[in-house]
Amino acid sequence: MTLARQVVVPGMLAEYEDFGALLSSRSGPEWDLPSRCEGWSVGDVAAHVVGQLTDVVNLRLEGLGTPAVTQRQVEERRGRSPDDLAGELAEATRTAGPLAASFDDESWNAPGPPGVVGTLGFGLESLWFDTYLHADDIRDALGVASVVGPGMVPSLSHIAQVLTDQGWRPATLHLDGYEEFAVSGGGPPITGDAMAFLLAATGRGDSSPLGLDPSVNIYR
């Protein structure tokens with residue numbers, strides 16, 4: 001179940017503002033550090049996040065999230081500085097705000113436009129999740145501690161929905177300090193640290209300390 005628009009819209013916009021601040025504070029050498037996203041530097045991760053929102057606000061939605069489109073987003077921004085990308089992100093966020101605020105509950109729960117999987121609300125929740133996760137990819141590359149912020153809730157909601165859509169076994173996410181999210185109708189609880197689960201469920205961490213096998217990775 002996608003989070004309510006009253007939660008997702010302001011949360012997503014705030015996440016983009018935080019991501020812009022993360023970019024603008026980077027130095028040139030940091031921009032070229034390798035990230036845990038295979039083949040991507042810190043700058044490449046930033047280019048994907050910025051390019052994705054730019055594509056969305058310009059309604060370039062076909063293939064969004066596919067390897068070909070994400071690589072195109074990176075290549076289009078190759079060689080640009082952190083401040084330059086932060087500026088593009090700020091402009092796209094200013095456009096996204098009024099657009100997202102215009103949605104009512106009916107449109108939020110309706111199928112997304114062509115090229116978007118699931119409901120419109122699921123698509124925007126996915127953007128919040130993706131931005132939060134990639135901010136952590138950048139912090140990891142820089143040797144900076146993870147920030148367990150508001151973006152964790154849409155991340156858990158998104159993962160629960162994707163695992164359900166993939167036909168993963170019935171389970172209930174009951175992670176430390178967070179509300180429960182049902183997978184495939186709910187079942188035995190999955191407990192433990194939320195960040196450890198997020199990393200395991202996106203192929204960035206070991207699932208075994210949580211008592212899970214690698215099938216929990218939504219990108220498998």
# chains A, B, ... in the order shown; residues from 1 in each chain; ligands from 1
call {"tool": "residues_around", "arguments": {"residues": "Phe103 (chain A)", "least_positions_apart": "5", "cutoff": "10 Å", "atoms": "only C-alpha atoms", "output": "PyMOL selection string"}}
result
chain A and resi 5+9+98+108-109+120-121
call {"tool": "residues_around", "arguments": {"residues": "Trp128 (chain A)", "least_positions_apart": "3", "cutoff": "10 Å", "atoms": "only C-alpha atoms", "output": "ChimeraX atom specification"}}
result
/A:8-9,11-16,122-125,131-133,150-155,158
call {"tool": "write_last_selection", "arguments": {"atoms": "N, CA and C atoms", "output": "mmCIF file, in the first residue's frame"}}
result
data_model
loop_
_atom_site.group_PDB
_atom_site.id
_atom_site.type_symbol
_atom_site.label_atom_id
_atom_site.label_comp_id
_atom_site.auth_asym_id
_atom_site.auth_seq_id
_atom_site.Cartn_x
_atom_site.Cartn_y
_atom_site.Cartn_z
ATOM 1 N N VAL A 8 3.840 11.758 1.141
ATOM 2 C CA VAL A 8 4.845 11.572 0.091
ATOM 3 C C VAL A 8 5.258 12.885 -0.563
ATOM 4 N N VAL A 9 4.297 13.736 -0.908
ATOM 5 C CA VAL A 9 4.644 14.945 -1.661
ATOM 6 C C VAL A 9 5.615 15.846 -0.898
ATOM 7 N N GLY A 11 7.451 15.074 1.691
ATOM 8 C CA GLY A 11 8.642 14.298 2.021
ATOM 9 C C GLY A 11 9.581 14.159 0.848
ATOM 10 N N MET A 12 9.031 13.891 -0.337
ATOM 11 C CA MET A 12 9.840 13.762 -1.545
ATOM 12 C C MET A 12 10.552 15.076 -1.872
ATOM 13 N N LEU A 13 9.826 16.186 -1.789
ATOM 14 C CA LEU A 13 10.426 17.486 -2.097
ATOM 15 C C LEU A 13 11.540 17.831 -1.106
ATOM 16 N N ALA A 14 11.323 17.519 0.169
ATOM 17 C CA ALA A 14 12.363 17.764 1.174
ATOM 18 C C ALA A 14 13.584 16.891 0.916
ATOM 19 N N GLU A 15 13.353 15.657 0.471
ATOM 20 C CA GLU A 15 14.470 14.749 0.163
ATOM 21 C C GLU A 15 15.309 15.305 -0.973
ATOM 22 N N TYR A 16 14.654 15.865 -1.987
ATOM 23 C CA TYR A 16 15.407 16.460 -3.088
ATOM 24 C C TYR A 16 16.203 17.678 -2.626
ATOM 25 N N PHE A 122 2.408 5.482 -6.315
ATOM 26 C CA PHE A 122 3.535 4.562 -6.222
ATOM 27 C C PHE A 122 4.748 5.131 -6.953
ATOM 28 N N GLY A 123 4.510 5.776 -8.089
ATOM 29 C CA GLY A 123 5.615 6.359 -8.843
ATOM 30 C C GLY A 123 6.333 7.440 -8.060
ATOM 31 N N LEU A 124 5.580 8.317 -7.383
ATOM 32 C CA LEU A 124 6.224 9.374 -6.608
ATOM 33 C C LEU A 124 6.895 8.830 -5.360
ATOM 34 N N GLU A 125 6.275 7.838 -4.727
ATOM 35 C CA GLU A 125 6.920 7.195 -3.585
ATOM 36 C C GLU A 125 8.235 6.559 -4.015
ATOM 37 N N THR A 131 15.833 8.426 -4.307
ATOM 38 C CA THR A 131 16.687 9.546 -3.917
ATOM 39 C C THR A 131 17.333 9.298 -2.563
ATOM 40 N N TYR A 132 16.559 8.798 -1.622
ATOM 41 C CA TYR A 132 17.094 8.489 -0.292
ATOM 42 C C TYR A 132 18.178 7.420 -0.371
ATOM 43 N N LEU A 133 17.917 6.368 -1.144
ATOM 44 C CA LEU A 133 18.883 5.282 -1.259
ATOM 45 C C LEU A 133 20.170 5.757 -1.922
ATOM 46 N N PRO A 150 13.668 10.573 7.326
ATOM 47 C CA PRO A 150 12.292 10.315 6.900
ATOM 48 C C PRO A 150 12.179 9.415 5.677
ATOM 49 N N GLY A 151 13.211 9.384 4.844
ATOM 50 C CA GLY A 151 13.167 8.560 3.649
ATOM 51 C C GLY A 151 13.142 7.070 3.908
ATOM 52 N N MET A 152 13.370 6.657 5.147
ATOM 53 C CA MET A 152 13.326 5.223 5.440
ATOM 54 C C MET A 152 11.908 4.668 5.302
ATOM 55 N N VAL A 153 10.910 5.444 5.699
ATOM 56 C CA VAL A 153 9.524 4.949 5.659
ATOM 57 C C VAL A 153 9.078 4.651 4.228
ATOM 58 N N PRO A 154 9.218 5.573 3.264
ATOM 59 C CA PRO A 154 8.842 5.222 1.894
ATOM 60 C C PRO A 154 9.699 4.114 1.314
ATOM 61 N N SER A 155 10.929 3.996 1.785
ATOM 62 C CA SER A 155 11.787 2.920 1.304
ATOM 63 C C SER A 155 11.237 1.558 1.723
ATOM 64 N N HIS A 158 8.021 0.934 -0.208
ATOM 65 C CA HIS A 158 8.312 0.578 -1.600
ATOM 66 C C HIS A 158 8.801 -0.857 -1.712
#
call {"tool": "select_by_dssp", "arguments": {"residues": "region 22-215 of chain A", "states": "helix (DSSP H, G or I)", "output": "ChimeraX atom specification"}}
result
/A:22-24,28-31,42-57,67-76,82-101,105-108,120-142,152-165,194-201,208-210,214-215
call {"tool": "closest_residue", "arguments": {"among": "A:Thr93, A:Asn217, A:Thr66, A:Thr164", "to": "Arg204 (chain A)", "atoms": "only C-alpha atoms"}}
result
A:Asn217
call {"tool": "residues_around", "arguments": {"residues": "Ser41 (chain A)", "least_positions_apart": "6", "cutoff": "10 Å", "atoms": "only C-alpha atoms", "output": "number ranges by chain"}}
result
A: 30-35, 47, 137-138, 141
call {"tool": "write_last_selection", "arguments": {"atoms": "N, CA and C atoms", "output": "PDB file, in the first residue's frame"}}
result
ATOM      1  N   GLU A  30      36.148  14.159  -4.682  1.00  0.00           N
ATOM      2  CA  GLU A  30      35.063  13.316  -4.163  1.00  0.00           C
ATOM      3  C   GLU A  30      34.107  12.897  -5.278  1.00  0.00           C
ATOM      4  N   TRP A  31      33.922  13.761  -6.255  1.00  0.00           N
ATOM      5  CA  TRP A  31      32.989  13.526  -7.360  1.00  0.00           C
ATOM      6  C   TRP A  31      33.365  12.286  -8.157  1.00  0.00           C
ATOM      7  N   ASP A  32      34.672  11.985  -8.173  1.00  0.00           N
ATOM      8  CA  ASP A  32      35.171  10.877  -8.992  1.00  0.00           C
ATOM      9  C   ASP A  32      35.336   9.570  -8.216  1.00  0.00           C
ATOM     10  N   LEU A  33      35.013   9.576  -6.929  1.00  0.00           N
ATOM     11  CA  LEU A  33      35.157   8.351  -6.141  1.00  0.00           C
ATOM     12  C   LEU A  33      34.198   7.276  -6.643  1.00  0.00           C
ATOM     13  N   PRO A  34      34.626   6.002  -6.639  1.00  0.00           N
ATOM     14  CA  PRO A  34      33.710   4.925  -7.048  1.00  0.00           C
ATOM     15  C   PRO A  34      32.626   4.717  -5.994  1.00  0.00           C
ATOM     16  N   SER A  35      31.434   4.390  -6.451  1.00  0.00           N
ATOM     17  CA  SER A  35      30.326   4.109  -5.541  1.00  0.00           C
ATOM     18  C   SER A  35      30.040   2.613  -5.546  1.00  0.00           C
ATOM     19  N   ALA A  47      24.148  12.272 -11.085  1.00  0.00           N
ATOM     20  CA  ALA A  47      23.594  12.572 -12.407  1.00  0.00           C
ATOM     21  C   ALA A  47      22.314  11.791 -12.656  1.00  0.00           C
ATOM     22  N   ASP A 137      24.190   5.903  -0.991  1.00  0.00           N
ATOM     23  CA  ASP A 137      25.290   5.419  -1.833  1.00  0.00           C
ATOM     24  C   ASP A 137      26.429   6.435  -1.872  1.00  0.00           C
ATOM     25  N   ILE A 138      26.068   7.709  -1.982  1.00  0.00           N
ATOM     26  CA  ILE A 138      27.089   8.756  -2.020  1.00  0.00           C
ATOM     27  C   ILE A 138      27.800   8.857  -0.674  1.00  0.00           C
ATOM     28  N   ALA A 141      30.303   6.071  -0.290  1.00  0.00           N
ATOM     29  CA  ALA A 141      31.528   6.289  -1.066  1.00  0.00           C
ATOM     30  C   ALA A 141      32.446   7.300  -0.396  1.00  0.00           C
TER      31      ALA A 141
END
call {"tool": "select_by_dssp", "arguments": {"residues": "chain A", "states": "strand (DSSP E or B)", "output": "MDAnalysis selection string"}}
result
chainID A and resid 34 41 111 119 171:173 181:183 189:190
call {"tool": "write_last_selection", "arguments": {"atoms": "C-alpha atoms", "output": "PDB file, in the first residue's frame"}}
result
ATOM      1  CA  PRO A  34      33.710   4.925  -7.048  1.00  0.00           C
ATOM      2  CA  SER A  41      31.195   7.229  -9.544  1.00  0.00           C
ATOM      3  CA  PRO A 111      -2.813   4.250 -12.808  1.00  0.00           C
ATOM      4  CA  THR A 119      -0.311   4.058  -9.545  1.00  0.00           C
ATOM      5  CA  ALA A 171       5.972 -11.723   5.660  1.00  0.00           C
ATOM      6  CA  THR A 172       5.600  -8.600   7.762  1.00  0.00           C
ATOM      7  CA  LEU A 173       8.344  -5.999   8.017  1.00  0.00           C
ATOM      8  CA  PHE A 181       4.508  -3.218   6.262  1.00  0.00           C
ATOM      9  CA  ALA A 182       2.932  -6.388   4.915  1.00  0.00           C
ATOM     10  CA  VAL A 183       4.550  -8.393   2.135  1.00  0.00           C
ATOM     11  CA  PRO A 189       7.814 -10.944  11.089  1.00  0.00           C
ATOM     12  CA  ILE A 190      11.136  -9.741   9.728  1.00  0.00           C
TER      13      ILE A 190
END
call {"tool": "residues_around", "arguments": {"residues": "Ser24 (chain A)", "least_positions_apart": "3", "cutoff": "10 Å", "atoms": "only C-alpha atoms", "output": "PyMOL selection string"}}
result
chain A and resi 19-21+27+81-87
call {"tool": "residues_around", "arguments": {"residues": "Ile159 (chain A)", "least_positions_apart": "3", "cutoff": "8 Å", "atoms": "only C-alpha atoms", "output": "list in words"}}
result
Ser155, Leu156, Val162, Leu163, Ala201 and Ile218 of chain A
